[in-house]
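Peer 1: Here it is: the structure, laid out below.
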Amino acid sequence: MNRRSLARALPVTPALVLLLLFLAGPIAYCAYIAFTDLQLTGQAESSFVGFENFRTAFQDEEFLNAVWLTLVFTVVSSLIGQNTLGLALAALMQRASKPVRTLTGGIVITAWVLPEVVAGFLLYAFFRKEGTLNALLDLLHLPSQNWLFTLPILAVSFANVWRGTAFSMLVYTAALGEIPKEITEAAEVDGAGGWRRMWHITLPMIRRSIGTNLMLNTLQTLSVFGLIWVMTRGGPGDKSQTLPLFMYEQAFQNSMIGYGTAVALLLLLVGSVFSVVYMRLLRTEV
Amino acid sequence: MAATHLADRRRNRRLAADAGLLAVAAAFVLPLAWVVLSALDPHADLRVKAPDGITLENFDAILTSDITFTPLLNSLILCGGATLLTVVCAALAAYPLSRFSSRLNRPFLLSILFATSLPITAIMVPVYALFVQVDLIDTLQGTILFFAASQLPFAIWLMKNFMDGVPKELEEAAWTDGAGSLQSLTRIVLPLMGPGVAVVTVFSFVMMWGNFFVPFMLLLTPDQMPASVSINEFFGNRGMVAYGQLAAFSIVYSTPVILLYVLIARRLGGGFALGGAVKG
């Protein structure tokens, strides 16, 4: 590289240093201590244990439980919940009257903008035995129950839908807005009903946005910690302990940093796969 | 005939869409109604109900330096400092990426894009272990640096896209007058992309203000805790009984980010900022 291009690249340095030290560094360190038996409590040395942590993980029922719950949490709250509800809201908004559109958009976006911990409290109150959901069910003479104890993973999944739908809604509102009106109108004049238009015209035209949105939702959902921590602490027992909470518990309550990091590395790998797929999707778009 | 039929169908469809949206809005508004009503209720509990009279006692009780002002100030220092660092670094880094072509641009941008979608939660355990080793644990500066680094990929990505929108010709005059890169960045490019800089700033700040896990892991001393963590302690110790106070605190803590969001949403028109970010 000649001097001129070196001078030109100079402004990148501060960002590069920060990224290397505080992002790439920890990732490399993560990949290293995942293969050691590093512990939290005072012990100075740790030794290399190879794939021991991973072997332990795949024989650990609590880990497998956490994997399963993470899968349920992701599928229910991100793939089904946020994505479908967000698309439905965006589609309805195209047809609805302005005041209703503004009101609904405002409410859904407020839920999204609230700090994670606050959202956690609000939904904790909503799902508690004495909370609003049961009050409503009583009103309708439907059986009420202690949601945070009987179905904690569903309660936190719904909480994540409440908190995250706005993102999908905004993505799909933008995507639907880009479909030329003539196309849907032509189909309408030809007598295609709402569902058929949705299925044969709208969905194929926004498929890239769907891909992008699913990836980003999934990545976001995989790293949810605060919301679940506030609502259930992963409990009762480990009934809502998704991978991030399991990782935290292993590293800090059980002092097994090495093991916790091995779990973190697996999470990171899953995240990377999604991330690469996401980049591919973007590339076809750009 | 066919035209009125179509118009009729459209009206019905609008009514159906309105009804559908209102149903969703009603479900979504319940938790929000709870926090507002409970904050004003002298005897708040966990369900949405009309308050037993309106009171500001709950706000009175929490507006002390211990419960509210210190944590909010901590949040401000932490998130303000990290946002400043993020925006400055992102603007500097975006400039050569946007203005000069180099073989390294593409790999750098791809790595940045890759990093934007990594689950930061997953690296917090190693970051903790690393911070213990290098004595950055429980320090504001360490947390600020990590916050900035974790927000940087997205900030650079956004900033570069906004910067691409400023025509290069405007700078060329300045270059012939002998202005350096830094001068043309601060005097010409940044002022022209004011809304873009605002979006990056507000977005970074809002993300950090609401972030719980990072300070929860990296800070230990209660006096240094930002509101996102202290509110959780408060909830654990007192909130279980004092729901009204918890609600009041939640409102005080959430208001700044809601106002900031409204500010940029107004200025840029709805989902624009986000749409641009997602599409890349």
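Letters A, B, ... go to the chains of the structure tokens in the order shown; residues in each chain start at 1; ligands are counted from 1 in the same order.
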Near chain B, which residues of chain A fall within 7 Å when you count only C-alpha atoms, and what do they look like as a PyMOL selection string?
Peer 2: chain A and resi 8-9+11-12+14-15+18-19+22-23+26-27+29-30+89+92+95-97+100+104+107-108+113-118+122-123+125-126+130-132+162+170-171+174+219+223+225-226+244+261+264+267-268+271-272+275-276
Peer 1: Once you have the residues from the selection above, write them out as a short mmCIF file (atom, residue, chain, number, x, y, z; two decimals), in the first residue's frame, restricted to N, CA and C atoms.
Peer 2:
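So the final result, stored in out.cif, reads:
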data_model
loop_
_atom_site.label_atom_id
_atom_site.label_comp_id
_atom_site.auth_asym_id
_atom_site.auth_seq_id
_atom_site.Cartn_x
_atom_site.Cartn_y
_atom_site.Cartn_z
N ARG A 8 -5.39 7.75 3.60
CA ARG A 8 -6.84 7.72 3.43
C ARG A 8 -7.51 6.75 4.39
N ALA A 9 -6.81 5.66 4.70
CA ALA A 9 -7.42 4.64 5.57
C ALA A 9 -7.32 5.01 7.04
N PRO A 11 -8.60 7.30 9.05
CA PRO A 11 -9.78 7.52 9.89
C PRO A 11 -10.46 6.23 10.35
N VAL A 12 -10.19 5.13 9.68
CA VAL A 12 -10.83 3.87 10.08
C VAL A 12 -10.21 3.33 11.37
N PRO A 14 -9.59 4.27 14.62
CA PRO A 14 -10.24 4.15 15.94
C PRO A 14 -11.30 3.05 15.97
N ALA A 15 -12.13 3.02 14.93
CA ALA A 15 -13.18 1.99 14.89
C ALA A 15 -12.57 0.61 14.84
N LEU A 18 -11.19 -0.45 18.26
CA LEU A 18 -12.29 -0.82 19.16
C LEU A 18 -12.87 -2.19 18.80
N LEU A 19 -13.09 -2.38 17.50
CA LEU A 19 -13.70 -3.64 17.07
C LEU A 19 -12.79 -4.82 17.34
N PHE A 22 -12.47 -5.18 21.44
CA PHE A 22 -13.64 -5.48 22.25
C PHE A 22 -14.66 -6.38 21.58
N LEU A 23 -14.47 -6.70 20.31
CA LEU A 23 -15.43 -7.60 19.68
C LEU A 23 -14.72 -8.85 19.16
N PRO A 26 -12.87 -10.73 22.28
CA PRO A 26 -13.69 -11.65 23.06
C PRO A 26 -14.15 -12.88 22.29
N ILE A 27 -14.40 -12.72 20.97
CA ILE A 27 -14.83 -13.89 20.21
C ILE A 27 -13.70 -14.91 20.15
N TYR A 29 -11.25 -15.12 22.29
CA TYR A 29 -11.09 -15.63 23.65
C TYR A 29 -12.16 -16.67 23.96
N CYS A 30 -13.35 -16.43 23.45
CA CYS A 30 -14.47 -17.36 23.61
C CYS A 30 -14.10 -18.71 23.01
N LEU A 89 -50.41 -7.18 10.32
CA LEU A 89 -50.64 -5.78 10.67
C LEU A 89 -50.32 -4.87 9.49
N LEU A 92 -53.06 -5.21 6.88
CA LEU A 92 -54.30 -4.54 7.30
C LEU A 92 -54.15 -3.03 7.23
N ARG A 95 -55.11 -1.10 4.18
CA ARG A 95 -56.52 -0.93 3.85
C ARG A 95 -57.26 -0.11 4.89
N ALA A 96 -56.70 0.00 6.08
CA ALA A 96 -57.44 0.61 7.18
C ALA A 96 -57.49 2.12 7.02
N SER A 97 -58.37 2.74 7.80
CA SER A 97 -58.47 4.19 7.77
C SER A 97 -57.31 4.79 8.56
N VAL A 100 -57.12 4.83 12.63
CA VAL A 100 -56.93 3.50 13.21
C VAL A 100 -55.49 3.04 12.97
N THR A 104 -52.96 2.20 16.07
CA THR A 104 -52.40 0.85 16.25
C THR A 104 -50.88 0.88 16.10
N ILE A 107 -49.25 2.26 19.24
CA ILE A 107 -49.24 1.34 20.39
C ILE A 107 -48.21 0.23 20.20
N VAL A 108 -48.21 -0.37 19.00
CA VAL A 108 -47.30 -1.49 18.74
C VAL A 108 -45.84 -1.01 18.81
N VAL A 113 -40.29 0.15 21.63
CA VAL A 113 -39.29 1.13 22.03
C VAL A 113 -38.97 1.03 23.53
N LEU A 114 -39.90 0.55 24.31
CA LEU A 114 -39.68 0.43 25.76
C LEU A 114 -38.42 -0.37 26.06
N PRO A 115 -37.68 0.04 27.11
CA PRO A 115 -36.51 -0.76 27.51
C PRO A 115 -36.94 -2.20 27.84
N GLU A 116 -36.02 -3.12 27.55
CA GLU A 116 -36.30 -4.54 27.70
C GLU A 116 -36.83 -4.90 29.09
N VAL A 117 -36.19 -4.33 30.11
CA VAL A 117 -36.57 -4.69 31.47
C VAL A 117 -37.98 -4.19 31.80
N VAL A 118 -38.31 -3.00 31.31
CA VAL A 118 -39.65 -2.47 31.54
C VAL A 118 -40.68 -3.36 30.86
N LEU A 122 -43.92 -5.29 32.61
CA LEU A 122 -45.30 -5.12 32.16
C LEU A 122 -45.91 -6.48 31.84
N LEU A 123 -45.13 -7.37 31.22
CA LEU A 123 -45.70 -8.65 30.86
C LEU A 123 -45.70 -9.62 32.04
N ALA A 125 -46.51 -8.56 35.00
CA ALA A 125 -47.78 -8.18 35.62
C ALA A 125 -48.96 -8.76 34.85
N PHE A 126 -48.84 -8.75 33.53
CA PHE A 126 -49.93 -9.22 32.69
C PHE A 126 -50.21 -10.71 32.90
N GLU A 130 -52.44 -12.93 39.59
CA GLU A 130 -53.37 -11.84 39.91
C GLU A 130 -53.43 -10.84 38.77
N GLY A 131 -52.85 -11.17 37.63
CA GLY A 131 -52.66 -10.18 36.57
C GLY A 131 -53.85 -9.99 35.65
N THR A 132 -53.62 -9.16 34.64
CA THR A 132 -54.69 -8.73 33.75
C THR A 132 -55.26 -9.88 32.91
N TRP A 162 -45.06 -9.53 21.83
CA TRP A 162 -45.53 -8.19 22.19
C TRP A 162 -44.43 -7.16 21.94
N LEU A 170 -42.84 -2.82 10.64
CA LEU A 170 -42.20 -1.73 9.90
C LEU A 170 -41.54 -2.24 8.63
N VAL A 171 -40.86 -3.40 8.75
CA VAL A 171 -40.21 -3.97 7.56
C VAL A 171 -41.25 -4.27 6.48
N ALA A 174 -42.88 -1.21 4.81
CA ALA A 174 -42.02 -0.67 3.76
C ALA A 174 -42.08 -1.55 2.51
N LEU A 219 -32.27 -13.93 14.90
CA LEU A 219 -31.03 -13.56 15.60
C LEU A 219 -31.35 -12.78 16.87
N SER A 223 -30.90 -14.08 21.17
CA SER A 223 -30.10 -13.45 22.21
C SER A 223 -30.93 -12.76 23.28
N PHE A 225 -32.27 -12.07 26.66
CA PHE A 225 -31.93 -12.47 28.01
C PHE A 225 -32.79 -11.74 29.04
N GLY A 226 -32.71 -10.40 29.01
CA GLY A 226 -33.37 -9.57 30.03
C GLY A 226 -34.86 -9.84 30.20
N PRO A 244 -29.32 -18.61 26.41
CA PRO A 244 -28.57 -17.54 27.10
C PRO A 244 -28.68 -17.63 28.62
N THR A 261 -18.98 -20.93 28.48
CA THR A 261 -18.47 -20.37 27.24
C THR A 261 -18.62 -21.34 26.08
N ALA A 264 -21.88 -20.77 24.96
CA ALA A 264 -21.91 -19.48 24.25
C ALA A 264 -21.37 -19.65 22.83
N LEU A 267 -23.92 -21.09 20.61
CA LEU A 267 -24.90 -20.05 20.29
C LEU A 267 -24.35 -19.12 19.20
N LEU A 268 -23.08 -18.80 19.36
CA LEU A 268 -22.42 -17.91 18.42
C LEU A 268 -22.35 -18.56 17.03
N GLY A 271 -25.69 -18.43 15.49
CA GLY A 271 -25.87 -17.05 15.06
C GLY A 271 -25.11 -16.76 13.78
N SER A 272 -23.86 -17.26 13.69
CA SER A 272 -23.05 -17.00 12.50
C SER A 272 -23.68 -17.60 11.26
N SER A 275 -26.34 -15.47 10.24
CA SER A 275 -25.77 -14.22 9.77
C SER A 275 -25.28 -14.35 8.33
N VAL A 276 -24.64 -15.49 8.02
CA VAL A 276 -24.15 -15.70 6.66
C VAL A 276 -25.32 -15.81 5.69
#
Peer 1: Given the choices A:Gln241, A:Thr56, A:Thr218, A:Thr165, which gets closest to Leu85 of chain A if the distance is worked out from only C-alpha atoms?
Peer 2: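 Using only C-alpha atoms, the shortest distance to Leu85 of chain A belongs to A:Thr165.
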Peer 1: So which one's closest to Asp138 of chain B, B:Leu218, B:Ala174, B:Ile67, B:Met159? Using only C-alpha atoms, please.
Peer 2: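 For Asp138 of chain B, the nearest of the candidates is B:Leu218.
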